[in-house]
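Next comes upload22.cif, with mmCIF, C-alpha atoms; chains and numbers go by the auth columns.
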data_my_file
#
loop_
_atom_site.group_PDB
_atom_site.id
_atom_site.type_symbol
_atom_site.label_atom_id
_atom_site.label_comp_id
_atom_site.label_asym_id
_atom_site.label_seq_id
_atom_site.Cartn_x
_atom_site.Cartn_y
_atom_site.Cartn_z
_atom_site.B_iso_or_equiv
_atom_site.auth_seq_id
_atom_site.auth_asym_id
ATOM 1 C CA MET A 1 -12.965 4.356 29.001 0.00 23 A
ATOM 2 C CA ALA A 2 -11.798 4.355 32.635 0.00 24 A
ATOM 3 C CA LYS A 3 -8.288 5.374 33.580 0.00 25 A
ATOM 4 C CA GLY A 4 -5.791 2.568 33.797 0.00 26 A
ATOM 5 C CA LYS A 5 -7.713 0.333 31.393 0.00 27 A
ATOM 6 C CA LYS A 6 -5.828 -0.608 28.245 0.00 28 A
ATOM 7 C CA LYS A 7 -7.552 -0.692 24.894 0.00 29 A
ATOM 8 C CA ILE A 8 -7.810 -4.287 23.713 0.00 30 A
ATOM 9 C CA GLU A 9 -6.411 -4.439 20.192 0.00 31 A
ATOM 10 C CA ASP A 10 -8.002 -6.849 17.731 0.00 32 A
ATOM 11 C CA PRO A 11 -5.294 -9.176 16.315 0.00 33 A
ATOM 12 C CA ASN A 12 -7.430 -9.621 13.178 0.00 34 A
ATOM 13 C CA SER A 13 -7.336 -5.889 12.332 0.00 35 A
ATOM 14 C CA ARG A 14 -3.897 -4.306 11.971 0.00 36 A
ATOM 15 C CA VAL A 15 -1.509 -2.782 9.434 0.00 37 A
ATOM 16 C CA ILE A 16 0.981 -5.335 8.090 0.00 38 A
ATOM 17 C CA CYS A 17 3.254 -3.087 6.012 0.00 39 A
ATOM 18 C CA ARG A 18 3.344 0.375 4.467 0.00 40 A
ATOM 19 C CA ASN A 19 5.022 1.620 1.306 0.00 41 A
ATOM 20 C CA ARG A 20 6.693 4.754 2.699 0.00 42 A
ATOM 21 C CA LYS A 21 8.603 5.363 -0.518 0.00 43 A
ATOM 22 C CA ALA A 22 5.334 5.833 -2.426 0.00 44 A
ATOM 23 C CA ARG A 23 4.665 9.297 -0.980 0.00 45 A
ATOM 24 C CA MET A 24 8.204 10.374 -1.853 0.00 46 A
ATOM 25 C CA LEU A 25 8.303 8.967 -5.393 0.00 47 A
ATOM 26 C CA PHE A 26 4.695 9.662 -6.466 0.00 48 A
ATOM 27 C CA GLU A 27 2.066 12.353 -6.202 0.00 49 A
ATOM 28 C CA LEU A 28 -0.843 10.215 -4.972 0.00 50 A
ATOM 29 C CA THR A 29 -4.319 11.377 -5.963 0.00 51 A
ATOM 30 C CA ASP A 30 -6.964 8.694 -5.407 0.00 52 A
ATOM 31 C CA GLU A 31 -6.971 5.674 -3.059 0.00 53 A
ATOM 32 C CA LEU A 32 -9.058 2.526 -3.091 0.00 54 A
ATOM 33 C CA GLU A 33 -9.281 -0.485 -0.763 0.00 55 A
ATOM 34 C CA CYS A 34 -8.976 -3.819 -2.598 0.00 56 A
ATOM 35 C CA GLY A 35 -9.130 -7.438 -1.584 0.00 57 A
ATOM 36 C CA ILE A 36 -6.378 -9.767 -2.725 0.00 58 A
ATOM 37 C CA VAL A 37 -6.490 -13.428 -3.812 0.00 59 A
ATOM 38 C CA LEU A 38 -4.027 -15.442 -1.697 0.00 60 A
ATOM 39 C CA HIS A 39 -3.201 -19.099 -1.067 0.00 61 A
ATOM 40 C CA GLY A 40 -3.311 -20.522 2.470 0.00 62 A
ATOM 41 C CA SER A 41 0.432 -20.366 3.102 0.00 63 A
ATOM 42 C CA GLU A 42 0.515 -16.761 1.823 0.00 64 A
ATOM 43 C CA VAL A 43 -2.062 -15.694 4.408 0.00 65 A
ATOM 44 C CA LYS A 44 0.045 -17.285 7.171 0.00 66 A
ATOM 45 C CA SER A 45 3.149 -15.408 5.957 0.00 67 A
ATOM 46 C CA VAL A 46 1.221 -12.112 5.772 0.00 68 A
ATOM 47 C CA ARG A 47 0.032 -12.613 9.360 0.00 69 A
ATOM 48 C CA ASN A 48 3.724 -13.051 10.319 0.00 70 A
ATOM 49 C CA ASN A 49 4.581 -9.692 8.620 0.00 71 A
ATOM 50 C CA LYS A 50 6.634 -11.395 5.879 0.00 72 A
ATOM 51 C CA VAL A 51 5.426 -9.205 3.009 0.00 73 A
ATOM 52 C CA SER A 52 7.129 -6.453 1.000 0.00 74 A
ATOM 53 C CA ILE A 53 5.379 -3.995 -1.353 0.00 75 A
ATOM 54 C CA GLU A 54 8.287 -1.571 -1.862 0.00 76 A
ATOM 55 C CA GLU A 55 8.862 -2.413 -5.539 0.00 77 A
ATOM 56 C CA SER A 56 5.318 -3.439 -6.436 0.00 78 A
ATOM 57 C CA TYR A 57 2.720 -1.822 -8.673 0.00 79 A
ATOM 58 C CA GLY A 58 -0.707 -2.573 -10.126 0.00 80 A
ATOM 59 C CA ARG A 59 -1.343 -3.581 -13.739 0.00 81 A
ATOM 60 C CA VAL A 60 -4.658 -3.804 -15.594 0.00 82 A
ATOM 61 C CA GLN A 61 -4.948 -6.824 -17.914 0.00 83 A
ATOM 62 C CA ASN A 62 -8.110 -8.160 -19.564 0.00 84 A
ATOM 63 C CA GLY A 63 -10.399 -6.178 -17.289 0.00 85 A
ATOM 64 C CA GLU A 64 -8.678 -7.366 -14.092 0.00 86 A
ATOM 65 C CA VAL A 65 -6.161 -5.649 -11.808 0.00 87 A
ATOM 66 C CA TRP A 66 -3.024 -7.581 -10.840 0.00 88 A
ATOM 67 C CA LEU A 67 -0.423 -6.818 -8.183 0.00 89 A
ATOM 68 C CA VAL A 68 3.058 -7.183 -9.696 0.00 90 A
ATOM 69 C CA GLY A 69 6.301 -7.330 -7.732 0.00 91 A
ATOM 70 C CA CYS A 70 4.809 -7.985 -4.300 0.00 92 A
ATOM 71 C CA THR A 71 6.965 -10.454 -2.373 0.00 93 A
ATOM 72 C CA ILE A 72 5.433 -12.706 0.272 0.00 94 A
ATOM 73 C CA ALA A 73 8.024 -14.947 1.933 0.00 95 A
ATOM 74 C CA GLU A 74 7.496 -18.701 1.989 0.00 96 A
ATOM 75 C CA TYR A 75 5.862 -20.105 5.112 0.00 97 A
ATOM 76 C CA PRO A 76 8.338 -22.623 6.604 0.00 98 A
ATOM 77 C CA GLN A 77 5.711 -25.004 8.008 0.00 99 A
ATOM 78 C CA ALA A 78 3.883 -25.360 4.664 0.00 100 A
ATOM 79 C CA THR A 79 6.671 -27.525 3.120 0.00 101 A
ATOM 80 C CA VAL A 80 5.178 -29.165 -0.004 0.00 102 A
ATOM 81 C CA PHE A 81 2.148 -26.874 -0.193 0.00 103 A
ATOM 82 C CA ASN A 82 4.183 -23.654 -0.194 0.00 104 A
ATOM 83 C CA HIS A 83 3.629 -20.789 -2.632 0.00 105 A
ATOM 84 C CA GLU A 84 5.847 -18.937 -5.084 0.00 106 A
ATOM 85 C CA PRO A 85 7.106 -15.769 -3.305 0.00 107 A
ATOM 86 C CA ALA A 86 6.959 -13.304 -6.231 0.00 108 A
ATOM 87 C CA ARG A 87 3.948 -14.384 -8.271 0.00 109 A
ATOM 88 C CA LEU A 88 1.236 -12.147 -9.753 0.00 110 A
ATOM 89 C CA ARG A 89 -1.690 -11.699 -7.371 0.00 111 A
ATOM 90 C CA LYS A 90 -5.187 -10.733 -8.437 0.00 112 A
ATOM 91 C CA LEU A 91 -6.799 -7.739 -6.738 0.00 113 A
ATOM 92 C CA LEU A 92 -10.532 -7.873 -6.057 0.00 114 A
ATOM 93 C CA MET A 93 -12.451 -4.787 -7.173 0.00 115 A
ATOM 94 C CA HIS A 94 -15.859 -3.970 -8.608 0.00 116 A
ATOM 95 C CA LYS A 95 -15.999 -3.683 -12.429 0.00 117 A
ATOM 96 C CA LYS A 96 -16.822 0.017 -12.175 0.00 118 A
ATOM 97 C CA GLN A 97 -13.705 0.591 -10.064 0.00 119 A
ATOM 98 C CA VAL A 98 -11.581 -1.470 -12.462 0.00 120 A
ATOM 99 C CA ARG A 99 -12.768 0.666 -15.399 0.00 121 A
ATOM 100 C CA LYS A 100 -11.961 3.859 -13.501 0.00 122 A
ATOM 101 C CA PHE A 101 -8.496 2.633 -12.562 0.00 123 A
ATOM 102 C CA ALA A 102 -7.866 1.236 -16.058 0.00 124 A
ATOM 103 C CA GLU A 103 -8.659 4.596 -17.660 0.00 125 A
ATOM 104 C CA SER A 104 -6.351 6.421 -15.265 0.00 126 A
ATOM 105 C CA ALA A 105 -3.572 3.839 -15.679 0.00 127 A
ATOM 106 C CA LYS A 106 -3.614 4.358 -19.463 0.00 128 A
ATOM 107 C CA GLN A 107 -2.844 8.064 -19.042 0.00 129 A
ATOM 108 C CA LYS A 108 0.785 9.018 -19.451 0.00 130 A
ATOM 109 C CA GLY A 109 2.764 9.010 -16.214 0.00 131 A
ATOM 110 C CA LEU A 110 0.110 7.457 -13.974 0.00 132 A
ATOM 111 C CA THR A 111 0.802 4.295 -11.977 0.00 133 A
ATOM 112 C CA LEU A 112 -1.211 2.097 -9.645 0.00 134 A
ATOM 113 C CA VAL A 113 0.811 2.078 -6.407 0.00 135 A
ATOM 114 C CA PRO A 114 0.043 -0.087 -3.348 0.00 136 A
ATOM 115 C CA THR A 115 0.461 2.076 -0.238 0.00 137 A
ATOM 116 C CA SER A 116 -0.300 -0.448 2.513 0.00 138 A
ATOM 117 C CA VAL A 117 -1.285 -4.038 3.272 0.00 139 A
ATOM 118 C CA TYR A 118 -3.454 -4.664 6.325 0.00 140 A
ATOM 119 C CA LEU A 119 -5.867 -7.063 7.979 0.00 141 A
ATOM 120 C CA THR A 120 -9.529 -6.147 8.462 0.00 142 A
ATOM 121 C CA ASN A 121 -11.795 -8.648 10.203 0.00 143 A
ATOM 122 C CA GLY A 122 -9.290 -11.396 9.385 0.00 144 A
ATOM 123 C CA LYS A 123 -9.158 -10.549 5.650 0.00 145 A
ATOM 124 C CA VAL A 124 -6.046 -9.244 3.888 0.00 146 A
ATOM 125 C CA LYS A 125 -6.628 -5.908 2.125 0.00 147 A
ATOM 126 C CA VAL A 126 -4.431 -3.710 -0.052 0.00 148 A
ATOM 127 C CA MET A 127 -4.758 0.071 -0.285 0.00 149 A
ATOM 128 C CA LEU A 128 -4.114 0.972 -3.930 0.00 150 A
ATOM 129 C CA ALA A 129 -3.497 4.564 -5.041 0.00 151 A
ATOM 130 C CA ILE A 130 -3.211 6.320 -8.380 0.00 152 A
ATOM 131 C CA GLY A 131 0.080 8.186 -8.540 0.00 153 A
ATOM 132 C CA ARG A 132 2.004 10.384 -10.943 0.00 154 A
ATOM 133 C CA GLY A 133 5.764 9.902 -10.802 0.00 155 A
ATOM 134 C CA LEU A 134 7.663 12.891 -9.452 0.00 156 A
ATOM 135 C CA LYS A 135 10.710 14.276 -11.200 0.00 157 A
ATOM 136 C CA LEU A 136 13.848 15.194 -9.245 0.00 158 A
ATOM 137 C CA HIS A 137 13.020 18.915 -9.265 0.00 159 A
ATOM 138 C CA ASP A 138 9.519 18.139 -7.926 0.00 160 A
ATOM 139 C CA LYS A 139 11.027 16.213 -5.017 0.00 161 A
ATOM 140 C CA ARG A 140 13.414 19.071 -4.221 0.00 162 A
ATOM 141 C CA GLU A 141 10.571 21.575 -4.291 0.00 163 A
ATOM 142 C CA LYS A 142 8.472 19.397 -1.984 0.00 164 A
ATOM 143 C CA LEU A 143 11.356 19.165 0.494 0.00 165 A
ATOM 144 C CA ARG A 144 11.881 22.930 0.292 0.00 166 A
ATOM 145 C CA LYS A 145 8.167 23.611 0.986 0.00 167 A
ATOM 146 C CA ASP A 146 8.171 21.198 3.936 0.00 168 A
ATOM 147 C CA ASP A 147 11.283 22.885 5.329 0.00 169 A
ATOM 148 C CA ASP A 148 9.678 26.342 4.927 0.00 170 A
ATOM 149 C CA ARG A 149 6.506 25.193 6.718 0.00 171 A
ATOM 150 C CA LYS A 150 8.592 23.791 9.558 0.00 172 A
ATOM 151 C CA SER A 151 10.599 27.001 9.969 0.00 173 A
ATOM 152 C CA ILE A 152 7.405 29.124 9.951 0.00 174 A
ATOM 153 C CA ARG A 153 5.820 26.864 12.561 0.00 175 A
ATOM 154 C CA ASP A 154 8.943 27.064 14.743 0.00 176 A
ATOM 155 C CA ALA A 155 9.001 30.869 14.417 0.00 177 A
ATOM 156 C CA MET A 156 5.329 31.103 15.443 0.00 178 A
ATOM 157 C CA LEU A 157 5.916 28.858 18.462 0.00 179 A
ATOM 158 C CA SER A 158 8.994 30.826 19.595 0.00 180 A
ATOM 159 C CA LYS A 159 6.993 34.115 19.586 0.00 181 A
ATOM 160 C CA ARG A 160 4.575 32.775 22.216 0.00 182 A
#
Just give me the structure of the file as structure tokens.
Amino acid sequence: MAKGKKKIEDPNSRVICRNRKARMLFELTDELECGIVLHGSEVKSVRNNKVSIEESYGRVQNGEVWLVGCTIAEYPQATVFNHEPARLRKLLMHKKQVRKFAESAKQKGLTLVPTSVYLTNGKVKVMLAIGRGLKLHDKREKLRKDDDRKSIRDAMLSKR
């Protein structure tokens, strides 16, 4: 790419929201990209960044994975045809992936956590991860390790 030329960003491919708390509250092991079943007004709200996945999680019921607790704000121009903001939303996955996630979700302490919602080629996708909830002492230890790494890195840089 020549100097001075700006990269043209595709408006149909971008990150809508991230669940930053997920990395702090859970030890995430495996991630999977899923589609999500939405109504027309929900897609418009997602494109306007009116979605929150902070308190949401995945649940396996009857061989299907559902997103619980995800809030998508109502689209003002939809009036009569608007959607319910906090309804259950079905996640689209292959049966093999559903079985894998269902087995892991049944284990004690494992949760299906959405880490981000984004657009890819005009389609709304959800990145779903398997996470084990961290205890308070685990969080403190993680912060301590991060602090130690930072101090070692600073010491190495100051020696140069």
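The nearest approach to Lys112 in chain A among the residues A:Glu55, A:Asp169, A:Glu86, A:Glu76, with only C-alpha atoms taken into account, belongs to A:Glu86.
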Shell of 8 Å around range 89-104 of chain A, all atoms listed in the file, local chain residues under 3 positions omitted, as a PyMOL selection string: chain A and resi 63-64+66-68+72-81+107-113
Within 10 Å of Arg45 in chain A, counting all atoms listed in the file, which residues show up once you throw out same-chain ones fewer than 6 positions away? Write them as a short mmCIF file (atom, residue, chain, number, x, y, z; two decimals) with C-alpha atoms, keeping the file's coordinate frame, please.
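Writing the result to selection.cif gives the following:
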data_model
loop_
_atom_site.label_atom_id
_atom_site.label_comp_id
_atom_site.auth_asym_id
_atom_site.auth_seq_id
_atom_site.Cartn_x
_atom_site.Cartn_y
_atom_site.Cartn_z
CA VAL A 135 0.81 2.08 -6.41
CA THR A 137 0.46 2.08 -0.24
CA GLY A 153 0.08 8.19 -8.54
CA GLY A 155 5.76 9.90 -10.80
CA LEU A 156 7.66 12.89 -9.45
#
Polymer residues at most 10 Å from (-10.8, -7.4, 2.0) by all atoms listed in the file, as number ranges by chain: A: 55-59, 113-115, 140-149
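Between CA of His105 in chain A and CA of Leu60 in chain A the separation is 9.4 Å.
We find CA of Leu132 in chain A and CA of His159 in chain A to be spaced 17.9 Å apart.
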CA of Lys118 in chain A to CA of Thr133 in chain A, straight-line distance in Å: 18.1 Å
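The nearest approach to Thr51 in chain A among the residues A:Lys172, A:Lys181, A:Arg162, A:Arg154, with only C-alpha atoms taken into account, belongs to A:Arg154.
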Option closest in space to Val87 in chain A, from A:Cys39, A:Leu150, A:Leu50, A:Ala44 [counting only C-alpha atoms]: A:Leu150
Give, as JSON, the centre coordinates and the x, y and z edge lengths in Å to one decimal for an axis-aligned box around all listed atoms of range 83-89 of chain A, padded by 8 Å on each side.
{"center_x": -5.4, "center_y": -6.9, "center_z": -13.9, "size_x": 26.0, "size_y": 18.5, "size_z": 27.4}
A:Leu179, A:Leu165, A:Ile152, A:Leu158 ranked by distance to Glu49 in chain A, top pick (using all atoms listed in the file): A:Ile152
Mind filling out range 123-150 of chain A with N, CA and C atoms and sending it as a PDB file, keeping the file's coordinate frame?
ATOM      1  N   PHE A 123      -9.936   2.759 -12.729  1.00  0.00           N
ATOM      2  CA  PHE A 123      -8.496   2.633 -12.562  1.00  0.00           C
ATOM      3  C   PHE A 123      -7.811   2.332 -13.884  1.00  0.00           C
ATOM      4  N   ALA A 124      -8.454   1.562 -14.755  1.00  0.00           N
ATOM      5  CA  ALA A 124      -7.866   1.236 -16.058  1.00  0.00           C
ATOM      6  C   ALA A 124      -7.722   2.490 -16.906  1.00  0.00           C
ATOM      7  N   GLU A 125      -8.732   3.352 -16.891  1.00  0.00           N
ATOM      8  CA  GLU A 125      -8.659   4.596 -17.660  1.00  0.00           C
ATOM      9  C   GLU A 125      -7.525   5.475 -17.151  1.00  0.00           C
ATOM     10  N   SER A 126      -7.400   5.568 -15.823  1.00  0.00           N
ATOM     11  CA  SER A 126      -6.351   6.421 -15.265  1.00  0.00           C
ATOM     12  C   SER A 126      -4.967   5.813 -15.481  1.00  0.00           C
ATOM     13  N   ALA A 127      -4.869   4.488 -15.481  1.00  0.00           N
ATOM     14  CA  ALA A 127      -3.572   3.839 -15.679  1.00  0.00           C
ATOM     15  C   ALA A 127      -3.074   4.008 -17.115  1.00  0.00           C
ATOM     16  N   LYS A 128      -4.010   4.182 -18.069  1.00  0.00           N
ATOM     17  CA  LYS A 128      -3.614   4.358 -19.463  1.00  0.00           C
ATOM     18  C   LYS A 128      -3.029   5.745 -19.716  1.00  0.00           C
ATOM     19  N   GLN A 129      -3.375   6.717 -18.869  1.00  0.00           N
ATOM     20  CA  GLN A 129      -2.844   8.064 -19.042  1.00  0.00           C
ATOM     21  C   GLN A 129      -1.333   8.057 -18.828  1.00  0.00           C
ATOM     22  N   LYS A 130      -0.670   8.968 -19.517  1.00  0.00           N
ATOM     23  CA  LYS A 130       0.785   9.018 -19.451  1.00  0.00           C
ATOM     24  C   LYS A 130       1.251   9.443 -18.053  1.00  0.00           C
ATOM     25  N   GLY A 131       2.155   8.663 -17.486  1.00  0.00           N
ATOM     26  CA  GLY A 131       2.764   9.010 -16.214  1.00  0.00           C
ATOM     27  C   GLY A 131       2.000   8.575 -14.981  1.00  0.00           C
ATOM     28  N   LEU A 132       0.866   7.903 -15.142  1.00  0.00           N
ATOM     29  CA  LEU A 132       0.110   7.457 -13.974  1.00  0.00           C
ATOM     30  C   LEU A 132       0.382   5.984 -13.691  1.00  0.00           C
ATOM     31  N   THR A 133       0.485   5.649 -12.408  1.00  0.00           N
ATOM     32  CA  THR A 133       0.802   4.295 -11.977  1.00  0.00           C
ATOM     33  C   THR A 133      -0.132   3.896 -10.843  1.00  0.00           C
ATOM     34  N   LEU A 134      -0.451   2.624 -10.764  1.00  0.00           N
ATOM     35  CA  LEU A 134      -1.211   2.097  -9.645  1.00  0.00           C
ATOM     36  C   LEU A 134      -0.203   1.638  -8.586  1.00  0.00           C
ATOM     37  N   VAL A 135      -0.193   2.312  -7.433  1.00  0.00           N
ATOM     38  CA  VAL A 135       0.811   2.078  -6.407  1.00  0.00           C
ATOM     39  C   VAL A 135       0.141   1.541  -5.138  1.00  0.00           C
ATOM     40  N   PRO A 136       0.570   0.371  -4.636  1.00  0.00           N
ATOM     41  CA  PRO A 136       0.043  -0.087  -3.348  1.00  0.00           C
ATOM     42  C   PRO A 136       0.711   0.703  -2.221  1.00  0.00           C
ATOM     43  N   THR A 137      -0.093   1.270  -1.327  1.00  0.00           N
ATOM     44  CA  THR A 137       0.461   2.076  -0.238  1.00  0.00           C
ATOM     45  C   THR A 137       0.529   1.312   1.077  1.00  0.00           C
ATOM     46  N   SER A 138      -0.364   0.338   1.285  1.00  0.00           N
ATOM     47  CA  SER A 138      -0.300  -0.448   2.513  1.00  0.00           C
ATOM     48  C   SER A 138      -1.020  -1.779   2.343  1.00  0.00           C
ATOM     49  N   VAL A 139      -0.628  -2.735   3.175  1.00  0.00           N
ATOM     50  CA  VAL A 139      -1.285  -4.038   3.272  1.00  0.00           C
ATOM     51  C   VAL A 139      -1.705  -4.177   4.728  1.00  0.00           C
ATOM     52  N   TYR A 140      -2.967  -4.563   4.959  1.00  0.00           N
ATOM     53  CA  TYR A 140      -3.454  -4.664   6.325  1.00  0.00           C
ATOM     54  C   TYR A 140      -4.534  -5.729   6.444  1.00  0.00           C
ATOM     55  N   LEU A 141      -4.821  -6.095   7.669  1.00  0.00           N
ATOM     56  CA  LEU A 141      -5.867  -7.063   7.979  1.00  0.00           C
ATOM     57  C   LEU A 141      -7.092  -6.311   8.479  1.00  0.00           C
ATOM     58  N   THR A 142      -8.263  -6.682   7.987  1.00  0.00           N
ATOM     59  CA  THR A 142      -9.529  -6.147   8.462  1.00  0.00           C
ATOM     60  C   THR A 142     -10.475  -7.315   8.653  1.00  0.00           C
ATOM     61  N   ASN A 143     -10.908  -7.528   9.868  1.00  0.00           N
ATOM     62  CA  ASN A 143     -11.795  -8.648  10.203  1.00  0.00           C
ATOM     63  C   ASN A 143     -11.236  -9.978   9.708  1.00  0.00           C
ATOM     64  N   GLY A 144      -9.922 -10.146   9.785  1.00  0.00           N
ATOM     65  CA  GLY A 144      -9.290 -11.396   9.385  1.00  0.00           C
ATOM     66  C   GLY A 144      -9.015 -11.519   7.898  1.00  0.00           C
ATOM     67  N   LYS A 145      -9.387 -10.508   7.097  1.00  0.00           N
ATOM     68  CA  LYS A 145      -9.158 -10.549   5.650  1.00  0.00           C
ATOM     69  C   LYS A 145      -8.006  -9.618   5.282  1.00  0.00           C
ATOM     70  N   VAL A 146      -7.176 -10.049   4.335  1.00  0.00           N
ATOM     71  CA  VAL A 146      -6.046  -9.244   3.888  1.00  0.00           C
ATOM     72  C   VAL A 146      -6.541  -8.257   2.839  1.00  0.00           C
ATOM     73  N   LYS A 147      -6.225  -6.977   3.041  1.00  0.00           N
ATOM     74  CA  LYS A 147      -6.628  -5.908   2.125  1.00  0.00           C
ATOM     75  C   LYS A 147      -5.387  -5.140   1.681  1.00  0.00           C
ATOM     76  N   VAL A 148      -5.498  -4.536   0.492  1.00  0.00           N
ATOM     77  CA  VAL A 148      -4.431  -3.710  -0.052  1.00  0.00           C
ATOM     78  C   VAL A 148      -5.019  -2.346  -0.368  1.00  0.00           C
ATOM     79  N   MET A 149      -4.346  -1.279   0.071  1.00  0.00           N
ATOM     80  CA  MET A 149      -4.758   0.071  -0.285  1.00  0.00           C
ATOM     81  C   MET A 149      -3.974   0.447  -1.546  1.00  0.00           C
ATOM     82  N   LEU A 150      -4.707   0.683  -2.631  1.00  0.00           N
ATOM     83  CA  LEU A 150      -4.114   0.972  -3.930  1.00  0.00           C
ATOM     84  C   LEU A 150      -4.376   2.433  -4.262  1.00  0.00           C
TER      85      LEU A 150
END
